[in-house]
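Heads up, model37.cif below (mmCIF, C-alpha atoms):
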data_my_file
#
loop_
_atom_site.label_atom_id
_atom_site.label_comp_id
_atom_site.auth_asym_id
_atom_site.auth_seq_id
_atom_site.Cartn_x
_atom_site.Cartn_y
_atom_site.Cartn_z
CA MET A 1257 94.78 10.93 -170.39
CA ARG A 1258 94.25 9.44 -173.80
CA SER A 1259 94.34 11.85 -176.71
CA LEU A 1260 91.07 12.72 -178.36
CA VAL A 1261 90.46 11.72 -181.95
CA ASN A 1262 88.13 12.48 -184.84
CA VAL A 1263 86.20 9.38 -185.73
CA ILE A 1264 83.73 8.63 -188.50
CA VAL A 1265 81.26 5.83 -187.83
CA VAL A 1266 79.43 4.52 -190.87
CA GLY A 1267 76.16 2.76 -190.15
CA CYS A 1268 73.94 3.75 -187.24
CA GLY A 1269 72.52 0.33 -186.48
CA ARG A 1270 72.90 -1.38 -183.12
CA VAL A 1271 76.68 -1.61 -183.29
CA GLY A 1272 77.25 1.77 -184.95
CA SER A 1273 75.06 3.71 -182.56
CA TYR A 1274 76.58 1.99 -179.52
CA LEU A 1275 80.11 2.64 -180.79
CA ALA A 1276 79.31 6.29 -181.55
CA GLU A 1277 77.91 6.77 -178.04
CA LEU A 1278 80.96 5.15 -176.43
CA LEU A 1279 83.35 7.35 -178.39
CA ASN A 1280 81.26 10.42 -177.63
CA THR A 1281 81.25 9.62 -173.90
CA GLU A 1282 85.04 9.47 -173.96
CA GLY A 1283 85.07 12.96 -175.44
CA HIS A 1284 86.08 12.09 -179.00
CA THR A 1285 84.66 13.96 -181.97
CA VAL A 1286 82.25 11.64 -183.76
CA ALA A 1287 80.40 11.89 -187.06
CA VAL A 1288 77.86 9.17 -187.81
CA ILE A 1289 76.71 8.53 -191.36
CA ASP A 1290 73.64 6.51 -192.31
CA LYS A 1291 71.40 6.54 -195.35
CA ASP A 1292 68.31 6.03 -193.21
CA PRO A 1293 67.43 9.12 -191.11
CA GLU A 1294 65.34 6.97 -188.77
CA SER A 1295 68.43 5.07 -187.67
CA PHE A 1296 69.58 8.14 -185.73
CA SER A 1297 66.77 7.58 -183.26
CA ARG A 1298 69.06 4.90 -181.77
CA LEU A 1299 71.33 7.69 -180.52
CA SER A 1300 70.56 9.21 -177.13
CA PRO A 1301 69.51 12.87 -176.90
CA ASN A 1302 72.85 13.52 -175.14
CA PHE A 1303 74.84 12.46 -178.19
CA LYS A 1304 76.95 15.46 -179.19
CA GLY A 1305 78.36 14.09 -182.43
CA THR A 1306 77.28 14.96 -185.96
CA ARG A 1307 74.54 12.96 -187.64
CA ILE A 1308 74.82 12.85 -191.41
CA GLU A 1309 72.10 11.35 -193.54
CA GLY A 1310 73.21 10.24 -196.95
CA ASP A 1311 75.03 7.95 -199.32
CA VAL A 1312 78.46 7.24 -197.93
CA LEU A 1313 79.97 6.68 -201.37
CA ASP A 1314 79.07 10.25 -202.29
CA ARG A 1315 82.20 12.37 -201.96
CA ASP A 1316 80.25 15.35 -200.57
CA ILE A 1317 78.89 13.24 -197.72
CA LEU A 1318 82.36 12.01 -196.76
CA MET A 1319 83.68 15.58 -196.86
CA GLN A 1320 80.78 16.74 -194.72
CA ALA A 1321 81.75 14.08 -192.17
CA GLY A 1322 85.25 15.56 -192.13
CA ILE A 1323 87.08 12.64 -193.71
CA GLN A 1324 90.13 14.79 -194.60
CA ASP A 1325 90.83 15.32 -190.89
CA ALA A 1326 89.60 11.98 -189.61
CA ASP A 1327 91.96 9.94 -187.42
CA ALA A 1328 89.85 6.84 -187.70
CA LEU A 1329 86.94 5.36 -189.58
CA ALA A 1330 84.78 2.43 -188.53
CA SER A 1331 82.36 0.99 -191.05
CA VAL A 1332 79.74 -1.26 -189.50
CA THR A 1333 76.88 -1.28 -192.00
CA ASN A 1334 75.29 -4.65 -192.69
CA SER A 1335 76.96 -4.84 -196.11
CA ASP A 1336 80.41 -6.48 -196.10
CA THR A 1337 81.20 -5.11 -199.53
CA LEU A 1338 80.26 -1.57 -198.57
CA ASN A 1339 82.33 -1.74 -195.37
CA ALA A 1340 85.35 -3.10 -197.19
CA THR A 1341 85.08 -0.72 -200.14
CA LEU A 1342 84.79 2.22 -197.82
CA ALA A 1343 87.83 1.25 -195.77
CA ILE A 1344 89.93 0.97 -198.91
CA ILE A 1345 88.67 4.33 -200.18
CA ALA A 1346 89.35 5.97 -196.81
CA ARG A 1347 92.89 4.63 -196.86
CA ASN A 1348 93.74 5.23 -200.52
CA LYS A 1349 92.05 8.56 -201.13
CA PHE A 1350 92.05 10.23 -197.72
CA ARG A 1351 94.93 8.55 -195.87
CA VAL A 1352 92.78 7.87 -192.82
CA PRO A 1353 95.29 6.25 -190.43
CA LYS A 1354 93.04 3.86 -188.51
CA LEU A 1355 90.39 1.72 -190.14
CA ALA A 1356 88.13 -0.90 -188.68
CA ILE A 1357 85.27 -2.66 -190.39
CA ARG A 1358 82.81 -5.37 -189.67
CA VAL A 1359 82.73 -8.30 -192.06
CA PHE A 1360 80.25 -11.14 -191.64
CA ASP A 1361 81.71 -13.54 -194.17
CA PRO A 1362 84.89 -14.99 -192.63
CA SER A 1363 86.28 -16.02 -196.04
CA SER A 1364 86.48 -12.42 -197.23
CA ALA A 1365 87.73 -11.24 -193.82
CA GLU A 1366 91.05 -12.91 -194.55
CA VAL A 1367 91.46 -11.01 -197.84
CA TYR A 1368 90.74 -7.61 -196.40
CA ARG A 1369 93.17 -8.27 -193.56
CA LYS A 1370 95.81 -8.87 -196.22
CA LEU A 1371 94.96 -5.46 -197.63
CA GLY A 1372 95.86 -3.97 -194.25
CA ILE A 1373 92.40 -3.29 -192.86
CA SER A 1374 91.44 -4.23 -189.28
CA ILE A 1375 88.59 -6.66 -189.55
CA ILE A 1376 86.07 -7.35 -186.85
CA SER A 1377 84.38 -10.56 -187.82
CA PRO A 1378 81.54 -11.21 -185.36
CA ILE A 1379 81.19 -14.75 -186.65
CA GLU A 1380 84.85 -15.66 -186.11
CA TRP A 1381 84.94 -13.80 -182.82
CA GLY A 1382 81.74 -15.42 -181.61
CA ALA A 1383 82.94 -18.87 -182.61
CA ASN A 1384 86.26 -18.41 -180.79
CA PHE A 1385 84.52 -17.07 -177.73
CA ILE A 1386 82.05 -19.94 -177.63
CA LYS A 1387 84.87 -22.41 -178.14
CA ASP A 1388 86.69 -20.95 -175.12
CA VAL A 1389 83.56 -21.18 -173.03
CA LEU A 1390 83.14 -24.82 -174.07
CA VAL A 1391 86.74 -25.90 -173.74
CA HIS A 1392 87.70 -23.84 -170.67
CA PRO A 1393 84.26 -23.39 -169.14
CA GLU A 1394 85.58 -23.02 -165.63
CA LEU A 1395 87.87 -20.10 -166.35
CA TYR A 1396 86.69 -17.55 -168.73
CA SER A 1397 88.07 -14.07 -168.72
CA LYS A 1398 85.52 -11.32 -168.25
CA LEU A 1399 88.00 -8.47 -168.45
CA THR A 1400 91.72 -8.00 -168.73
CA ILE A 1401 93.48 -5.19 -166.90
CA GLY A 1402 96.57 -3.34 -168.07
CA ASN A 1403 98.19 -5.34 -170.83
CA GLY A 1404 96.56 -8.49 -169.57
CA GLU A 1405 98.69 -8.99 -166.44
CA VAL A 1406 95.56 -9.21 -164.34
CA GLN A 1407 92.34 -10.85 -165.46
CA ILE A 1408 88.90 -10.75 -164.01
CA ILE A 1409 87.33 -14.18 -164.32
CA GLU A 1410 83.90 -15.47 -163.42
CA LEU A 1411 82.89 -18.97 -162.47
CA ALA A 1412 80.31 -20.96 -160.56
CA VAL A 1413 81.56 -22.06 -157.16
CA PRO A 1414 83.27 -25.46 -157.49
CA PRO A 1415 81.58 -28.08 -155.26
CA GLY A 1416 84.80 -28.58 -153.28
CA LEU A 1417 84.72 -25.02 -152.01
CA VAL A 1418 81.16 -25.00 -150.67
CA GLY A 1419 81.27 -24.56 -146.87
CA ARG A 1420 84.77 -23.14 -146.90
CA PRO A 1421 85.65 -19.52 -146.07
CA VAL A 1422 86.04 -17.15 -149.00
CA GLU A 1423 89.49 -16.01 -147.86
CA SER A 1424 90.77 -19.58 -148.17
CA ILE A 1425 91.23 -19.08 -151.90
CA ASN A 1426 92.80 -15.63 -151.73
CA VAL A 1427 96.56 -15.67 -152.28
CA PRO A 1428 98.40 -12.35 -151.87
CA SER A 1429 99.47 -10.87 -155.21
CA GLN A 1430 97.95 -13.82 -157.09
CA VAL A 1431 94.25 -14.32 -156.46
CA MET A 1432 91.62 -12.12 -154.90
CA THR A 1433 87.89 -12.71 -154.61
CA VAL A 1434 86.36 -9.48 -155.82
CA ALA A 1435 82.68 -10.33 -155.56
CA ILE A 1436 80.23 -13.13 -154.90
CA THR A 1437 76.89 -13.18 -156.64
CA ARG A 1438 74.36 -14.91 -154.44
CA GLN A 1439 70.66 -15.21 -155.32
CA GLY A 1440 71.03 -12.64 -158.04
CA GLU A 1441 72.77 -10.06 -155.88
CA ALA A 1442 76.48 -9.22 -156.02
CA LEU A 1443 78.33 -8.69 -152.72
CA ILE A 1444 81.88 -7.76 -151.86
CA PRO A 1445 82.92 -10.60 -149.51
CA TYR A 1446 82.75 -9.79 -145.82
CA LEU A 1447 85.14 -11.21 -143.27
CA GLY A 1448 84.31 -14.82 -142.50
CA MET A 1449 81.99 -15.20 -145.51
CA ILE A 1450 81.43 -18.87 -146.42
CA PHE A 1451 80.95 -20.19 -149.94
CA GLN A 1452 77.46 -21.55 -150.57
CA GLU A 1453 76.03 -23.70 -153.29
CA ASN A 1454 75.04 -21.75 -156.44
CA ASP A 1455 77.38 -18.88 -155.58
CA PHE A 1456 78.95 -17.22 -158.59
CA LEU A 1457 82.49 -15.93 -158.06
CA THR A 1458 84.28 -13.00 -159.60
CA LEU A 1459 88.04 -13.26 -159.11
CA ALA A 1460 90.96 -11.02 -159.95
CA VAL A 1461 93.81 -13.30 -160.98
CA SER A 1462 97.38 -12.57 -161.93
CA THR A 1463 97.89 -14.14 -165.36
CA THR A 1464 101.02 -15.92 -164.13
CA ALA A 1465 98.91 -17.59 -161.43
CA MET A 1466 96.23 -18.88 -163.80
CA ASN A 1467 97.39 -22.49 -163.60
CA ARG A 1468 97.50 -22.30 -159.82
CA VAL A 1469 93.94 -21.06 -159.76
CA GLU A 1470 92.84 -23.86 -162.03
CA GLU A 1471 94.44 -26.31 -159.63
CA LEU A 1472 93.00 -24.59 -156.57
CA LEU A 1473 89.51 -24.69 -157.95
CA SER A 1474 89.66 -28.31 -159.05
CA HIS A 1475 89.79 -29.50 -155.45
CA MET B 758 90.62 -13.80 -225.15
CA PHE B 759 89.04 -15.09 -221.96
CA VAL B 760 86.50 -12.67 -220.51
CA VAL B 761 84.71 -13.00 -217.17
CA VAL B 762 81.47 -11.05 -216.85
CA VAL B 763 79.82 -10.43 -213.48
CA GLY B 764 76.09 -9.72 -213.79
CA SER B 765 73.86 -11.33 -216.41
CA GLY B 766 71.34 -8.51 -216.79
CA GLY B 767 70.63 -6.83 -220.12
CA ALA B 768 74.15 -5.51 -220.59
CA GLY B 769 75.83 -8.71 -219.39
CA ALA B 770 73.74 -10.90 -221.69
CA TYR B 771 74.23 -8.69 -224.75
CA LEU B 772 77.95 -8.39 -224.06
CA SER B 773 78.44 -12.14 -223.74
CA SER B 774 76.57 -12.85 -226.98
CA ARG B 775 78.70 -10.28 -228.83
CA LEU B 776 81.93 -11.64 -227.35
CA THR B 777 81.16 -15.31 -228.06
CA SER B 778 80.10 -14.48 -231.64
CA GLU B 779 83.55 -12.98 -232.12
CA GLY B 780 85.13 -16.19 -230.85
CA HIS B 781 86.08 -15.14 -227.33
CA LYS B 782 85.68 -17.45 -224.35
CA VAL B 783 83.17 -16.07 -221.87
CA THR B 784 82.20 -17.04 -218.31
CA VAL B 785 79.31 -15.21 -216.69
CA ILE B 786 78.82 -15.00 -212.92
CA ASP B 787 75.41 -14.23 -211.46
CA ILE B 788 73.71 -14.84 -208.13
CA ASN B 789 70.43 -15.63 -209.85
CA SER B 790 70.21 -19.12 -211.36
CA ASP B 791 67.09 -18.31 -213.45
CA ALA B 792 68.90 -15.42 -215.12
CA LEU B 793 71.80 -17.75 -215.94
CA GLU B 794 69.45 -20.36 -217.37
CA ASP B 795 67.86 -17.77 -219.65
CA LEU B 796 71.31 -16.67 -220.72
CA THR B 797 72.47 -20.17 -221.69
CA LYS B 798 69.30 -20.60 -223.77
CA LYS B 799 70.15 -17.46 -225.71
CA VAL B 800 73.94 -17.89 -225.76
CA PRO B 801 74.68 -21.64 -225.51
CA SER B 802 78.47 -21.35 -225.76
CA VAL B 803 78.78 -19.26 -222.62
CA LEU B 804 79.90 -20.84 -219.33
CA THR B 805 78.01 -19.83 -216.20
CA VAL B 806 78.88 -19.76 -212.51
CA MET B 807 76.17 -19.22 -209.96
CA GLY B 808 77.19 -17.29 -206.87
CA ASP B 809 77.98 -13.96 -205.26
CA GLY B 810 80.58 -12.41 -207.54
CA SER B 811 82.15 -10.44 -204.68
CA ARG B 812 83.17 -13.68 -202.92
CA LEU B 813 86.58 -15.17 -203.57
CA GLU B 814 85.20 -18.66 -203.77
CA THR B 815 82.90 -17.65 -206.65
CA MET B 816 85.73 -15.84 -208.42
CA ARG B 817 87.92 -18.94 -208.14
CA ARG B 818 85.18 -21.16 -209.58
CA ALA B 819 84.99 -18.82 -212.59
CA ARG B 820 88.81 -19.17 -213.05
CA ILE B 821 89.10 -15.42 -212.81
CA GLU B 822 92.88 -15.69 -212.41
CA LYS B 823 93.02 -16.73 -216.08
CA ALA B 824 90.89 -13.84 -217.32
CA ASP B 825 92.31 -11.34 -219.78
CA VAL B 826 89.41 -9.00 -219.15
CA LEU B 827 86.86 -8.72 -216.35
CA ALA B 828 83.61 -6.84 -216.92
CA VAL B 829 81.83 -5.93 -213.68
CA LEU B 830 78.22 -5.05 -214.42
CA THR B 831 76.12 -5.56 -211.29
CA GLY B 832 73.57 -2.96 -210.31
CA THR B 833 75.28 -2.16 -206.99
CA ASP B 834 78.26 0.16 -207.01
CA GLU B 835 79.89 -1.01 -203.79
CA LYS B 836 79.70 -4.54 -205.12
CA ASN B 837 81.29 -3.50 -208.41
CA LEU B 838 84.07 -1.69 -206.54
CA SER B 839 84.83 -4.53 -204.17
CA ILE B 840 84.85 -7.06 -207.03
CA ALA B 841 87.29 -4.86 -208.97
CA MET B 842 89.54 -4.41 -205.91
CA LEU B 843 89.65 -8.13 -205.16
CA ALA B 844 90.10 -9.14 -208.79
CA LYS B 845 93.03 -6.74 -209.17
CA ASN B 846 94.67 -7.43 -205.79
CA GLU B 847 94.07 -11.14 -205.41
CA PHE B 848 93.94 -12.35 -209.00
CA ARG B 849 95.92 -9.73 -210.94
CA VAL B 850 93.34 -9.47 -213.73
CA PRO B 851 95.06 -7.29 -216.36
CA ARG B 852 92.04 -5.30 -217.58
CA ILE B 853 89.00 -4.51 -215.51
CA VAL B 854 85.98 -2.67 -216.88
CA ALA B 855 83.29 -1.62 -214.40
CA ARG B 856 79.86 -0.14 -214.61
CA VAL B 857 79.04 2.92 -212.53
CA ASN B 858 75.38 2.91 -211.58
CA ASP B 859 75.13 6.22 -209.74
CA PRO B 860 76.99 9.13 -211.40
CA LYS B 861 77.85 10.40 -207.89
CA HIS B 862 80.05 7.34 -207.42
CA GLU B 863 82.09 7.85 -210.55
CA TRP B 864 85.00 9.41 -208.60
CA LEU B 865 85.63 6.05 -206.92
CA PHE B 866 86.05 4.04 -210.10
CA ASP B 867 89.74 4.50 -210.83
CA LYS B 868 93.01 2.55 -210.93
CA GLN B 869 93.34 2.78 -207.15
CA SER B 870 90.13 0.79 -206.92
CA GLY B 871 91.38 -1.71 -209.48
CA VAL B 872 89.23 -0.27 -212.29
CA ASP B 873 90.98 0.31 -215.62
CA TYR B 874 87.94 1.60 -217.43
CA ALA B 875 84.69 2.86 -215.93
CA PHE B 876 81.51 3.69 -217.77
CA ASN B 877 78.20 5.05 -216.70
CA GLN B 878 75.18 4.23 -218.83
CA ASP B 879 73.27 7.31 -217.74
CA VAL B 880 76.16 9.62 -218.51
CA LEU B 881 76.72 8.02 -221.94
CA LEU B 882 73.04 8.23 -222.74
CA VAL B 883 72.67 11.79 -221.52
CA ASP B 884 75.80 12.88 -223.39
CA ALA B 885 74.37 11.39 -226.59
CA ILE B 886 71.04 13.12 -226.06
CA MET B 887 72.73 16.43 -225.26
CA GLN B 888 74.68 16.15 -228.50
CA ALA B 889 71.47 15.54 -230.38
CA VAL B 890 69.82 18.50 -228.66
CA ARG B 891 72.74 20.80 -229.41
CA GLY B 892 73.01 19.54 -232.99
CA SER B 893 69.37 20.20 -233.85
#

Conversion result in structure tokens:
Amino acid sequence: MRSLVNVIVVGCGRVGSYLAELLNTEGHTVAVIDKDPESFSRLSPNFKGTRIEGDVLDRDILMQAGIQDADALASVTNSDTLNATLAIIARNKFRVPKLAIRVFDPSSAEVYRKLGISIISPIEWGANFIKDVLVHPELYSKLTIGNGEVQIIELAVPPGLVGRPVESINVPSQVMTVAITRQGEALIPYLGMIFQENDFLTLAVSTTAMNRVEELLSH
Amino acid sequence: MFVVVVGSGGAGAYLSSRLTSEGHKVTVIDINSDALEDLTKKVPSVLTVMGDGSRLETMRRARIEKADVLAVLTGTDEKNLSIAMLAKNEFRVPRIVARVNDPKHEWLFDKQSGVDYAFNQDVLLVDAIMQAVRGS
């Protein structure tokens, strides 16, 4: 069981509200700060965290959010400068151990990283992700399990496999077909199931067997 | 002295005219090109850089690493703070003066944030008025 933490989320936009809900679902203590009270309508009625309306650079507001006891702070407002300033304040003045912020401008992302702040740059991340999809379109990782020893990958059925039995690509301890999506519906493969055109495969692959899978699927 | 000023509003414009008249070199950064054009009409000897003063690229164009003093005068406190932090950490500007717009943010403008001297117009004005009130 993971230990529970006190987290402050600054900005209750799409990312902030989603993050706050995720943390709340895992049982963490969450305080969300936003200057716009209407932004809290993005939170579900089940959200048990604290909603704080106000200016996040006001000391009283930060104290109200419990910044002295916070284990982590995530700042995801749409202002890069506000997110960065806040992270530095949280570190310097309140010794908050874990800090993560969103920064849109990749050129400033590099600077804040140097200052020891974890930067989530959606633009860099998106560009890398799209590059992977373009350069390795056949094998893109949907999910990694453990420390990445096993990956869940998704791909369209390669033409060479159409008409062959699903179990022909399963290799014990290396590759396993987890699901086939056919005509918009996902199925766990049944015995004797045959690959059809337009099938979409979900495979669990041992990372060490990735090259083998690439080879297997190229036939 | 070489002074970089961020923000060419009333205070920025008046400051740069005073500084240049005393023989200092001044570069003013502003995101608004019209404001910079007005400024160069009034104070021809000033250099201007158009851009977002909180971006490194803009700071580099203004040769901020050579500045003896940086005056950060935008109307947004988080911007002023992040400019001061970057200027101190990345460019080692020796003296940084920053404007506090909202008195509630004054606690943030300190050496930890890269600010050597902070001032708040409202507080200065109100203090002066209070003195006048008490003195009468």

Interface residues on chain B facing chain A, 12 Å, only C-alpha atoms, written as a ChimeraX atom specification:
/B:809-816,833-848,857-871

Rounded to one decimal, what separation in Å do you get between atom CA of A:Val1413 and atom CA of A:Gly1382?
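Distance between the two atoms: 25.3 Å.
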
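Our summary of the geometry notes that atom CA of A:Arg1307 is positioned 10.2 Å from atom CA of A:Ala1276.
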
Near-stretch 785-790 of chain B list (9 Å; all atoms listed in the file; drop same-chain fewer than 2 positions) as a PyMOL selection string:
chain B and resi 760-766+769-770+773+783+792-795+803-810+815-816+819+831

Could you give me, as a CSV table (one decimal) with C-alpha atoms, keeping the file's coordinate frame, the residues within 9 Å of B:Arg852, counting all atoms listed in the file and dropping anything in the same chain fewer than 4 positions from it?
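Okay, out_38.csv is ready:
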chain,number,residue,atom,x,y,z
B,824,ALA,CA,90.9,-13.8,-217.3
B,825,ASP,CA,92.3,-11.3,-219.8
B,826,VAL,CA,89.4,-9.0,-219.2
B,827,LEU,CA,86.9,-8.7,-216.4
B,828,ALA,CA,83.6,-6.8,-216.9
B,845,LYS,CA,93.0,-6.7,-209.2
B,871,GLY,CA,91.4,-1.7,-209.5
B,872,VAL,CA,89.2,-0.3,-212.3
B,873,ASP,CA,91.0,0.3,-215.6
B,874,TYR,CA,87.9,1.6,-217.4

Could you state which residues are captured by the PyMOL selection byres ((chain A and resi 1436) around 8) in this file, as number ranges by chain?
A: 1433-1435, 1437-1438, 1442-1445, 1455-1458

Restricted to C-alpha atoms, what would the selected residues look like written as a short mmCIF file (atom, residue, chain, number, x, y, z; two decimals), in the frame of the given file?
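This went into result_13.cif:
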data_model
loop_
_atom_site.label_atom_id
_atom_site.label_comp_id
_atom_site.auth_asym_id
_atom_site.auth_seq_id
_atom_site.Cartn_x
_atom_site.Cartn_y
_atom_site.Cartn_z
CA THR A 1433 87.89 -12.71 -154.61
CA VAL A 1434 86.36 -9.48 -155.82
CA ALA A 1435 82.68 -10.33 -155.56
CA THR A 1437 76.89 -13.18 -156.64
CA ARG A 1438 74.36 -14.91 -154.44
CA ALA A 1442 76.48 -9.22 -156.02
CA LEU A 1443 78.33 -8.69 -152.72
CA ILE A 1444 81.88 -7.76 -151.86
CA PRO A 1445 82.92 -10.60 -149.51
CA ASP A 1455 77.38 -18.88 -155.58
CA PHE A 1456 78.95 -17.22 -158.59
CA LEU A 1457 82.49 -15.93 -158.06
CA THR A 1458 84.28 -13.00 -159.60
#

Separating atom CA of A:Ile1376 from atom CA of A:Asn1280, to the nearest tenth of an Å, is a gap of 20.6 Å

Selection under test: the PyMOL selection byres ((chain B and resi 780-782) around 8); residues as a ChimeraX atom specification:
/B:758-760,776-779,783-784,803

Saved selection, atoms kept: C-alpha atoms, as a CSV table (one decimal), in the coordinates of the input:
chain,number,residue,atom,x,y,z
B,758,MET,CA,90.6,-13.8,-225.2
B,759,PHE,CA,89.0,-15.1,-222.0
B,760,VAL,CA,86.5,-12.7,-220.5
B,776,LEU,CA,81.9,-11.6,-227.4
B,777,THR,CA,81.2,-15.3,-228.1
B,778,SER,CA,80.1,-14.5,-231.6
B,779,GLU,CA,83.6,-13.0,-232.1
B,783,VAL,CA,83.2,-16.1,-221.9
B,784,THR,CA,82.2,-17.0,-218.3
B,803,VAL,CA,78.8,-19.3,-222.6
